[in-house]
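Student: Just one file: final-v9.cif, with mmCIF, C-alpha atoms.
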data_protein
loop_
_atom_site.label_atom_id
_atom_site.label_comp_id
_atom_site.auth_asym_id
_atom_site.auth_seq_id
_atom_site.Cartn_x
_atom_site.Cartn_y
_atom_site.Cartn_z
CA MET E 12 35.79 -137.61 194.20
CA LYS E 13 33.26 -135.51 196.11
CA LYS E 14 30.43 -137.22 194.21
CA ILE E 15 31.78 -140.68 195.03
CA PHE E 16 32.09 -139.76 198.71
CA PHE E 17 28.55 -138.36 198.70
CA LEU E 18 27.15 -141.57 197.18
CA PHE E 19 29.07 -143.64 199.72
CA LEU E 20 27.67 -141.49 202.53
CA ILE E 21 24.10 -141.99 201.26
CA PHE E 22 24.72 -145.75 201.03
CA ALA E 23 26.15 -145.88 204.55
CA GLN E 24 23.21 -143.91 205.92
CA SER E 25 20.73 -146.26 204.23
CA ILE E 26 22.48 -149.27 205.76
CA ASN E 27 22.49 -147.68 209.21
CA ALA E 28 18.81 -146.73 208.89
CA GLN E 29 17.83 -150.27 207.96
CA GLU E 30 14.93 -151.92 209.72
CA LEU E 31 15.53 -155.45 210.98
CA ALA E 32 13.27 -158.01 212.62
CA LEU E 33 14.22 -160.72 215.07
CA VAL E 34 13.13 -164.19 213.90
CA LYS E 35 13.45 -167.69 215.30
CA LYS E 36 14.16 -170.68 213.06
CA ASP E 37 15.03 -174.21 214.16
CA GLY E 38 15.42 -172.95 217.72
CA LYS E 39 17.93 -170.23 216.78
CA PHE E 40 17.54 -166.46 216.46
CA GLY E 41 18.61 -164.29 213.55
CA LEU E 42 17.70 -160.98 211.87
CA ILE E 43 15.91 -160.37 208.58
CA ARG E 44 15.75 -157.24 206.45
CA ASN E 45 12.46 -155.81 205.25
CA ASP E 46 13.48 -156.58 201.65
CA GLY E 47 13.19 -160.32 202.37
CA THR E 48 16.81 -161.27 202.97
CA PHE E 49 18.72 -162.41 206.04
CA ALA E 50 20.95 -159.80 207.62
CA VAL E 51 22.12 -162.34 210.21
CA GLU E 52 21.47 -166.05 209.74
CA PRO E 53 19.76 -167.72 212.72
CA LYS E 54 22.56 -168.88 215.01
CA TYR E 55 21.96 -167.40 218.49
CA SER E 56 20.22 -169.40 221.20
CA VAL E 57 18.98 -166.26 222.98
CA ALA E 58 18.56 -162.78 221.52
CA ARG E 59 16.60 -159.55 221.91
CA GLU E 60 15.05 -157.32 219.27
CA PHE E 61 17.14 -155.07 217.03
CA SER E 62 16.95 -151.55 218.43
CA ASP E 63 18.86 -148.32 217.84
CA GLY E 64 21.19 -150.13 215.44
CA LEU E 65 22.17 -152.98 217.79
CA ALA E 66 20.75 -156.24 219.11
CA ALA E 67 21.57 -157.92 222.42
CA VAL E 68 22.54 -161.60 222.08
CA LYS E 69 23.71 -164.19 224.56
CA GLU E 70 26.92 -166.12 224.00
CA ASN E 71 28.53 -168.51 226.48
CA GLY E 72 26.18 -167.34 229.22
CA LYS E 73 26.93 -163.62 228.79
CA TRP E 74 25.24 -160.81 226.89
CA GLY E 75 26.80 -158.59 224.24
CA PHE E 76 25.66 -156.60 221.21
CA ILE E 77 25.83 -157.24 217.47
CA ASP E 78 25.33 -154.82 214.59
CA ASN E 79 23.26 -155.37 211.45
CA THR E 80 25.95 -157.65 209.96
CA GLY E 81 26.02 -159.96 212.97
CA ALA E 82 29.43 -158.75 214.11
CA PHE E 83 29.96 -158.20 217.84
CA VAL E 84 30.53 -154.51 218.45
CA ILE E 85 30.26 -154.87 222.24
CA PRO E 86 31.71 -158.15 223.59
CA ALA E 87 29.50 -160.56 225.52
CA THR E 88 30.53 -159.74 229.09
CA PHE E 89 27.26 -158.72 230.77
CA ASP E 90 25.01 -160.76 233.03
CA SER E 91 21.84 -159.09 231.69
CA ALA E 92 21.08 -156.51 229.03
CA LYS E 93 18.14 -154.42 227.87
CA ASP E 94 17.77 -152.60 224.51
CA PHE E 95 19.64 -149.57 223.20
CA SER E 96 17.70 -146.36 222.71
CA SER E 97 19.07 -142.85 222.17
CA GLY E 98 22.56 -144.37 222.29
CA ILE E 99 22.20 -145.68 225.85
CA CYS E 100 21.43 -149.13 227.27
CA ALA E 101 20.95 -150.56 230.76
CA ILE E 102 23.09 -153.63 231.54
CA GLU E 103 23.80 -155.73 234.61
CA LYS E 104 27.31 -156.73 235.61
CA ASP E 105 28.34 -158.32 238.92
CA ALA E 106 24.80 -157.84 240.29
CA VAL E 107 24.88 -154.06 239.64
CA TRP E 108 22.98 -152.24 236.91
CA HIS E 109 24.77 -149.57 234.84
CA TYR E 110 24.19 -147.52 231.71
CA ILE E 111 26.56 -148.08 228.79
CA ASN E 112 27.09 -146.22 225.51
CA LYS E 113 27.50 -147.77 222.07
CA SER E 114 31.21 -148.28 222.69
CA GLY E 115 30.32 -150.55 225.60
CA GLU E 116 31.67 -148.06 228.14
CA ILE E 117 29.92 -147.62 231.46
CA VAL E 118 28.53 -144.08 231.56
CA ASN E 119 28.71 -142.27 234.86
CA GLY E 120 27.21 -139.00 235.96
CA ASN E 121 23.54 -139.92 235.85
CA PRO E 122 21.49 -138.61 238.79
CA LYS E 123 21.07 -140.97 241.69
CA SER E 124 18.04 -143.18 241.17
CA ASP E 125 16.40 -145.97 243.15
CA LYS E 126 16.34 -147.96 239.91
CA LEU E 127 17.74 -147.68 236.39
CA PHE E 128 15.02 -147.34 233.76
CA ASP E 129 15.29 -147.88 230.01
CA PHE E 130 15.57 -144.96 227.61
CA HIS E 131 12.71 -144.40 225.16
CA ASP E 132 11.76 -141.36 223.11
CA GLY E 133 15.04 -139.75 224.18
CA VAL E 134 14.31 -139.85 227.91
CA ALA E 135 14.40 -142.22 230.88
CA PHE E 136 12.66 -142.17 234.23
CA PHE E 137 14.63 -141.71 237.43
CA ARG E 138 13.22 -142.11 240.91
CA GLN E 139 14.18 -140.41 244.16
CA ASN E 140 12.27 -140.50 247.44
CA ASP E 141 9.31 -142.27 245.76
CA LYS E 142 8.93 -139.52 243.15
CA VAL E 143 9.64 -139.91 239.43
CA GLY E 144 11.24 -137.49 236.96
CA LEU E 145 12.99 -137.56 233.56
CA ILE E 146 16.58 -137.43 232.32
CA ASN E 147 17.89 -137.19 228.75
CA ASN E 148 20.65 -139.29 227.20
CA LYS E 149 23.26 -136.79 228.39
CA PHE E 150 21.98 -137.52 231.92
CA GLU E 151 20.73 -133.99 232.31
CA ILE E 152 17.59 -133.58 234.38
CA VAL E 153 14.68 -132.81 232.06
CA LEU E 154 12.07 -133.03 234.81
CA ALA E 155 12.89 -133.12 238.52
CA PRO E 156 11.15 -135.97 240.39
CA LYS E 157 7.68 -134.72 241.22
CA TYR E 158 5.12 -137.35 240.19
CA ASP E 159 4.02 -140.50 241.98
CA VAL E 160 3.72 -142.32 238.64
CA ILE E 161 4.82 -141.75 235.06
CA ARG E 162 3.45 -144.30 232.62
CA ALA E 163 5.42 -145.35 229.54
CA PHE E 164 5.59 -142.78 226.76
CA TYR E 165 3.37 -143.56 223.79
CA LYS E 166 3.68 -141.48 220.63
CA GLY E 167 5.45 -138.73 222.56
CA TYR E 168 3.06 -138.49 225.53
CA ALA E 169 2.91 -140.09 228.97
CA ARG E 170 0.22 -140.23 231.63
CA VAL E 171 1.34 -138.98 235.04
CA ALA E 172 -0.22 -139.17 238.51
CA LEU E 173 0.14 -137.12 241.67
CA ASN E 174 -2.04 -137.50 244.75
CA ASP E 175 -4.45 -139.77 242.84
CA LYS E 176 -4.99 -137.20 240.10
CA TRP E 177 -3.91 -137.70 236.48
CA GLY E 178 -2.47 -135.58 233.69
CA ILE E 179 -0.35 -135.82 230.52
CA ILE E 180 3.25 -134.72 229.87
CA ASP E 181 5.41 -134.67 226.75
CA THR E 182 9.08 -135.71 226.53
CA THR E 183 10.23 -132.23 227.60
CA GLY E 184 8.30 -132.65 230.87
CA LYS E 185 5.71 -130.06 229.85
CA GLU E 186 2.19 -130.71 231.12
CA ILE E 187 -0.11 -131.08 228.14
CA ALA E 188 -2.99 -131.74 230.53
CA GLU E 189 -2.88 -130.57 234.13
CA VAL E 190 -2.70 -133.22 236.82
CA VAL E 191 -6.23 -132.57 238.07
CA TYR E 192 -8.30 -135.34 236.46
CA ASP E 193 -9.78 -138.51 237.94
CA GLU E 194 -9.22 -140.48 234.74
CA ILE E 195 -7.25 -139.74 231.60
CA GLY E 196 -6.53 -141.35 228.24
CA ASP E 197 -3.53 -141.46 225.94
CA GLY E 198 -2.26 -138.26 224.37
CA PHE E 199 -2.52 -137.41 220.68
CA ASN E 200 -1.82 -134.08 218.97
CA ASN E 201 -1.96 -132.05 222.22
CA THR E 202 -5.26 -133.73 223.06
CA THR E 203 -6.58 -136.42 225.41
CA TRP E 204 -9.87 -137.43 226.95
CA ALA E 205 -10.42 -137.04 230.69
CA LYS E 206 -12.91 -137.39 233.50
CA LYS E 207 -13.22 -134.61 236.06
CA GLY E 208 -15.64 -135.40 238.84
CA LYS E 209 -18.62 -136.84 237.03
CA ALA E 210 -17.95 -134.96 233.79
CA TYR E 211 -16.24 -136.47 230.75
CA GLY E 212 -14.63 -134.34 228.09
CA LEU E 213 -11.59 -133.56 225.97
CA VAL E 214 -8.48 -131.70 227.04
CA HIS E 215 -7.27 -129.85 223.96
CA ASN E 216 -4.29 -127.49 224.15
CA GLY E 217 -4.61 -127.61 227.93
CA VAL E 218 -8.29 -126.64 228.08
CA PHE E 219 -10.96 -129.04 229.38
CA ILE E 220 -14.01 -129.18 227.11
CA GLU E 221 -16.91 -130.92 228.85
CA LEU E 222 -19.11 -133.12 226.68
CA PRO E 223 -22.50 -133.42 228.43
CA GLY E 224 -23.91 -136.94 228.50
CA VAL E 225 -20.71 -138.63 227.32
CA THR E 226 -19.70 -141.66 229.41
CA GLU E 227 -16.86 -143.26 227.44
CA PHE E 228 -14.30 -142.67 224.69
CA GLY E 229 -12.71 -144.88 222.07
CA PRO E 230 -9.06 -144.91 220.99
CA PHE E 231 -7.48 -142.23 218.83
CA GLY E 232 -6.88 -142.96 215.17
CA THR E 233 -4.62 -140.88 212.95
CA GLN E 234 -7.06 -137.98 212.47
CA ASP E 235 -8.27 -135.25 214.82
CA LEU E 236 -11.45 -137.10 215.78
CA ILE E 237 -12.33 -139.47 218.60
CA ALA E 238 -15.23 -141.85 219.22
CA ALA E 239 -17.45 -140.83 222.16
CA LYS E 240 -20.34 -142.71 223.77
CA LYS E 241 -23.61 -140.97 224.63
CA ASP E 242 -26.97 -142.53 225.43
CA GLY E 243 -25.48 -145.96 224.88
CA LYS E 244 -24.20 -145.28 221.33
CA PHE E 245 -20.91 -144.10 219.85
CA GLY E 246 -20.44 -141.16 217.54
CA PHE E 247 -17.44 -138.97 216.74
CA VAL E 248 -16.39 -135.55 218.01
CA ASP E 249 -13.65 -133.25 216.79
CA PHE E 250 -11.02 -131.75 219.08
CA LYS E 251 -13.20 -128.69 219.70
CA GLY E 252 -15.83 -130.97 221.23
CA GLN E 253 -18.25 -130.67 218.30
CA TRP E 254 -20.17 -133.74 217.13
CA VAL E 255 -19.10 -134.68 213.60
CA LEU E 256 -21.10 -137.91 213.52
CA LYS E 257 -24.07 -138.38 215.85
CA PRO E 258 -24.02 -141.35 218.25
CA LEU E 259 -25.41 -144.18 216.12
CA PHE E 260 -22.99 -147.08 216.56
CA ASP E 261 -22.70 -149.84 219.17
CA LYS E 262 -18.89 -149.63 219.13
CA ALA E 263 -16.32 -147.60 217.23
CA LYS E 264 -12.57 -147.25 216.69
CA GLY E 265 -10.45 -144.38 215.38
CA PHE E 266 -10.55 -142.65 211.99
CA SER E 267 -7.72 -143.29 209.54
CA GLN E 268 -7.71 -142.67 205.79
CA ASN E 269 -11.10 -140.93 206.34
CA LEU E 270 -12.68 -144.23 207.40
CA ALA E 271 -13.39 -145.69 210.84
CA PRO E 272 -14.37 -149.22 211.99
CA VAL E 273 -17.86 -149.23 213.51
CA CYS E 274 -20.05 -151.97 214.95
CA LEU E 275 -23.80 -152.39 214.46
CA ARG E 276 -25.77 -155.35 215.80
CA GLY E 277 -22.60 -157.29 216.54
CA LYS E 278 -20.98 -156.85 213.11
CA TRP E 279 -18.18 -154.50 212.03
CA GLY E 280 -17.93 -152.34 208.94
CA TYR E 281 -16.55 -148.88 208.06
CA THR E 282 -18.10 -145.43 208.02
CA ASN E 283 -16.84 -142.33 206.26
CA LEU E 284 -16.92 -138.79 207.61
CA THR E 285 -20.52 -138.25 206.53
CA GLY E 286 -21.82 -141.37 208.30
CA GLU E 287 -22.19 -143.46 205.13
CA CYS E 288 -21.23 -147.14 205.60
CA ILE E 289 -18.65 -147.61 202.85
CA VAL E 290 -18.06 -151.19 204.02
CA GLN E 291 -21.22 -152.85 205.29
CA PRO E 292 -21.10 -154.42 208.79
CA THR E 293 -20.34 -158.08 208.03
CA TYR E 294 -17.20 -158.82 210.07
CA THR E 295 -16.74 -160.04 213.64
CA ASP E 296 -13.92 -157.50 214.19
CA ALA E 297 -12.11 -154.80 212.22
CA GLU E 298 -9.09 -152.51 212.59
CA PRO E 299 -8.34 -149.01 211.23
CA PHE E 300 -6.84 -148.64 207.77
CA SER E 301 -3.05 -148.61 207.51
CA GLU E 302 -1.15 -145.99 205.54
CA ASN E 303 -1.02 -148.34 202.52
CA GLY E 304 -4.83 -148.38 202.29
CA LEU E 305 -5.43 -151.88 203.68
CA ALA E 306 -7.29 -152.79 206.88
CA ALA E 307 -7.41 -156.00 208.91
CA VAL E 308 -10.84 -157.60 209.20
CA LYS E 309 -11.97 -160.79 210.91
CA ASN E 310 -14.61 -163.41 210.25
CA LEU E 311 -15.11 -166.92 211.65
CA ASN E 312 -12.13 -168.23 209.65
CA GLY E 313 -9.61 -165.65 210.85
CA TRP E 314 -8.09 -162.32 209.85
CA GLY E 315 -7.58 -160.98 206.36
CA PHE E 316 -7.27 -157.58 204.68
CA ILE E 317 -9.61 -155.37 202.65
CA ASP E 318 -8.98 -152.29 200.54
CA LYS E 319 -10.87 -148.99 200.91
CA THR E 320 -13.64 -150.16 198.60
CA GLY E 321 -14.29 -153.19 200.81
CA ASN E 322 -12.74 -155.77 198.47
CA LEU E 323 -11.07 -158.66 200.30
CA VAL E 324 -7.53 -158.58 198.87
CA ILE E 325 -5.92 -161.03 201.34
CA PRO E 326 -8.04 -164.02 202.48
CA THR E 327 -9.14 -164.39 206.11
CA ASP E 328 -6.68 -167.22 206.78
CA TYR E 329 -4.50 -165.66 209.47
CA GLU E 330 -4.12 -164.79 213.12
CA ILE E 331 -2.79 -161.35 213.98
CA SER E 332 -2.04 -159.75 217.29
CA ALA E 333 -1.13 -156.26 218.37
CA VAL E 334 2.09 -155.89 220.28
CA PHE E 335 1.51 -154.44 223.73
CA GLY E 336 4.64 -154.03 225.83
CA ASN E 337 6.05 -151.48 228.22
CA TYR E 338 6.93 -149.20 225.35
CA THR E 339 5.25 -150.56 222.23
CA ARG E 340 1.63 -150.66 221.19
CA ASP E 341 1.58 -151.25 217.49
CA GLU E 342 -1.67 -151.57 215.61
CA LYS E 343 -2.76 -154.81 214.02
CA GLY E 344 -2.16 -154.88 210.31
CA PHE E 345 0.35 -153.29 207.99
CA VAL E 346 3.21 -151.29 209.50
CA ASN E 347 5.65 -149.76 207.00
CA GLY E 348 4.36 -152.00 204.24
CA LEU E 349 4.39 -155.38 206.01
CA ALA E 350 1.87 -157.17 208.24
CA ARG E 351 2.99 -159.54 211.00
CA VAL E 352 0.70 -162.60 210.97
CA LYS E 353 0.47 -166.16 212.24
CA HIS E 354 -0.50 -169.13 210.07
CA LYS E 355 -0.66 -172.77 211.13
CA GLY E 356 1.44 -172.10 214.21
CA LYS E 357 4.18 -170.15 212.41
CA TRP E 358 4.86 -166.40 212.23
CA GLY E 359 5.80 -164.31 209.24
CA PHE E 360 5.26 -161.08 207.33
CA LEU E 361 2.79 -160.53 204.52
CA LYS E 362 3.35 -158.16 201.62
CA PRO E 363 0.38 -156.08 200.39
CA ASN E 364 -0.18 -158.60 197.56
CA GLY E 365 -0.57 -161.41 200.12
CA GLU E 366 2.81 -163.04 199.46
CA ILE E 367 4.91 -164.14 202.43
CA LEU E 368 8.21 -162.35 203.04
CA ILE E 369 11.01 -164.95 203.00
CA GLU E 370 9.33 -167.82 204.90
CA TRP E 371 7.41 -168.81 208.03
CA PHE E 372 9.24 -168.79 211.37
CA GLN E 373 8.79 -170.19 214.86
CA ASN E 374 8.56 -166.59 215.99
CA ALA E 375 8.91 -163.14 214.44
CA GLU E 376 9.07 -159.74 216.12
CA LEU E 377 8.29 -156.36 214.58
CA PHE E 378 10.82 -154.56 212.41
CA GLN E 379 12.95 -152.03 214.29
CA LYS E 380 15.64 -149.54 213.29
#
Show me the file's structure as structure tokens.
Tutor:
Amino acid sequence: MKKIFFLFLIFAQSINAQELALVKKDGKFGLIRNDGTFAVEPKYSVAREFSDGLAAVKENGKWGFIDNTGAFVIPATFDSAKDFSSGICAIEKDAVWHYINKSGEIVNGNPKSDKLFDFHDGVAFFRQNDKVGLINNKFEIVLAPKYDVIRAFYKGYARVALNDKWGIIDTTGKEIAEVVYDEIGDGFNNTTWAKKGKAYGLVHNGVFIELPGVTEFGPFGTQDLIAAKKDGKFGFVDFKGQWVLKPLFDKAKGFSQNLAPVCLRGKWGYTNLTGECIVQPTYTDAEPFSENGLAAVKNLNGWGFIDKTGNLVIPTDYEISAVFGNYTRDEKGFVNGLARVKHKGKWGFLKPNGEILIEWFQNAELFQK
């Protein structure tokens, strides 16, 4: 009996942890699983993405929430609704915004705020007297309002501003980079780039490391390196500020899978950690390698995908676009084994072998838990 219960528990957890994507077909919205089956057949005229186990849908002019079977778990009684995160969602009812829990109950006790903000990464902003702080999903104050601006959290870090100076905080409110810089980048692994006066450098573990002659930085990849521009060319430095690859490239993006997209004379290819071009510069654009070892590349026909030896494994027949929203910035290409692409005006998901998952849709959003 214990074994049966354990297996049932594992099955239930796998269902609850499922990733679903919002798709639009014949003017109606539904949800698909990442195994290529419909979790909810398209039947809703208006819907939002699946998030935190629920999706907001509109029925008879009101918003409610369905689970991954399409059953309403919170009746459609709200005038507006955002997305659940950390078990909390902002909704509007009778021209007033409230937080609700997953039972649909209005949750009271949150600190007074000039506006209700969405929860993400376990925290939400709250604003008092033109200053912004953080609360957790128990509505405890994580960070008292002290900053003029807190940008959206990205991969656990957020840029903050006070008196026209910038820094970085994590979701506990801890300053990863002091709020003393004139410009600052995204955070990654306790590191960011920053400008202080006329000097550019890295802030690593709270310490500013000036990089003489550097005038620009590229985006982070998945490794502890970042592209830096000096004397008009990009090279790569490690998080101690040491040059790993000398500035040789016209443009560069982040390292992933020990390879980085680089541009020479208007064409993109890939360099390894020793500066050897593993993939010769022949493309009009290129993106970092995904965890499955494929990277998106572009030529005059469109986007396709290469492997780490440079072989084109999926033809350049597609359009792809990164998703940039208030809280999402997902890389172009494969995410958790599937790539969101557009082909002949329709959206869908490609498998690593180039096959389409299910079919093409009028629209398709990213998979979410």
Student: For Ser62 in chain E, find every residue with an atom within 10 Å (counting only C-alpha atoms), except residues of its own chain fewer than 6 positions away, and show them as a count of residues only.
Tutor: 13
Student: Fewer than 6 positions away in the same chain doesn't count, so skip those; otherwise give me all residues within 8 Å of range 132-135 of chain E, counting all atoms listed in the file, as a PyMOL selection string.
Tutor: chain E and resi 96-97+145-148+164+167+182
Student: Find the residues near Cys274 in chain E: any atom within 10 Å, counting all atoms listed in the file, skip ones fewer than 2 places away on the same chain, and give them as a list of chain:residue names.
Tutor: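 Result of the neighbour search: E:Phe245, E:Leu259, E:Phe260, E:Asp261, E:Lys262, E:Ala263, E:Lys264, E:Pro272, E:Arg276, E:Gly277, E:Lys278, E:Trp279, E:Gly280, E:Tyr281, E:Thr282, E:Gln291, E:Pro292, E:Thr293, E:Tyr294, E:Thr295, E:Asp296, E:Ala297.
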Student: Tell me which protein, DNA and RNA residues are within 10 Å of Lys54 in chain E, counting only C-alpha atoms, leaving out same-chain ones fewer than 2 positions away, and put them as a JSON list (two decimals) with C-alpha atoms, in the frame of the given file.
Tutor:
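Resulting contents of result-v7.json:
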[["chain", "number", "residue", "atom", "x", "y", "z"],
["E", 35, "LYS", "CA", 13.45, -167.69, 215.30],
["E", 36, "LYS", "CA", 14.16, -170.68, 213.06],
["E", 37, "ASP", "CA", 15.03, -174.21, 214.16],
["E", 38, "GLY", "CA", 15.42, -172.95, 217.72],
["E", 39, "LYS", "CA", 17.93, -170.23, 216.78],
["E", 40, "PHE", "CA", 17.54, -166.46, 216.46],
["E", 41, "GLY", "CA", 18.61, -164.29, 213.55],
["E", 42, "LEU", "CA", 17.70, -160.98, 211.87],
["E", 51, "VAL", "CA", 22.12, -162.34, 210.21],
["E", 52, "GLU", "CA", 21.47, -166.05, 209.74],
["E", 56, "SER", "CA", 20.22, -169.40, 221.20],
["E", 57, "VAL", "CA", 18.98, -166.26, 222.98],
["E", 58, "ALA", "CA", 18.56, -162.78, 221.52],
["E", 81, "GLY", "CA", 26.02, -159.96, 212.97]]
Student: Would you compute the distance between CA of Thr285 in chain E and CA of Gln234 in chain E? Give it in Å to one decimal.
Tutor: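 Distance between the two atoms: 14.7 Å.
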Student: Could you tell me, as a list in words, exactly which residues end up selected when the PyMOL selection byres ((chain E and resi 227) around 10) is applied to this structure?
Tutor: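 For this structure, the PyMOL selection byres ((chain E and resi 227) around 10) captures Trp204, Ala205, Lys206, Tyr211, Gly212, Gly224, Val225, Thr226, Phe228, Gly229, Ala238, Ala239, Lys240, Lys241, Gly243, Lys244 and Phe245 of chain E.
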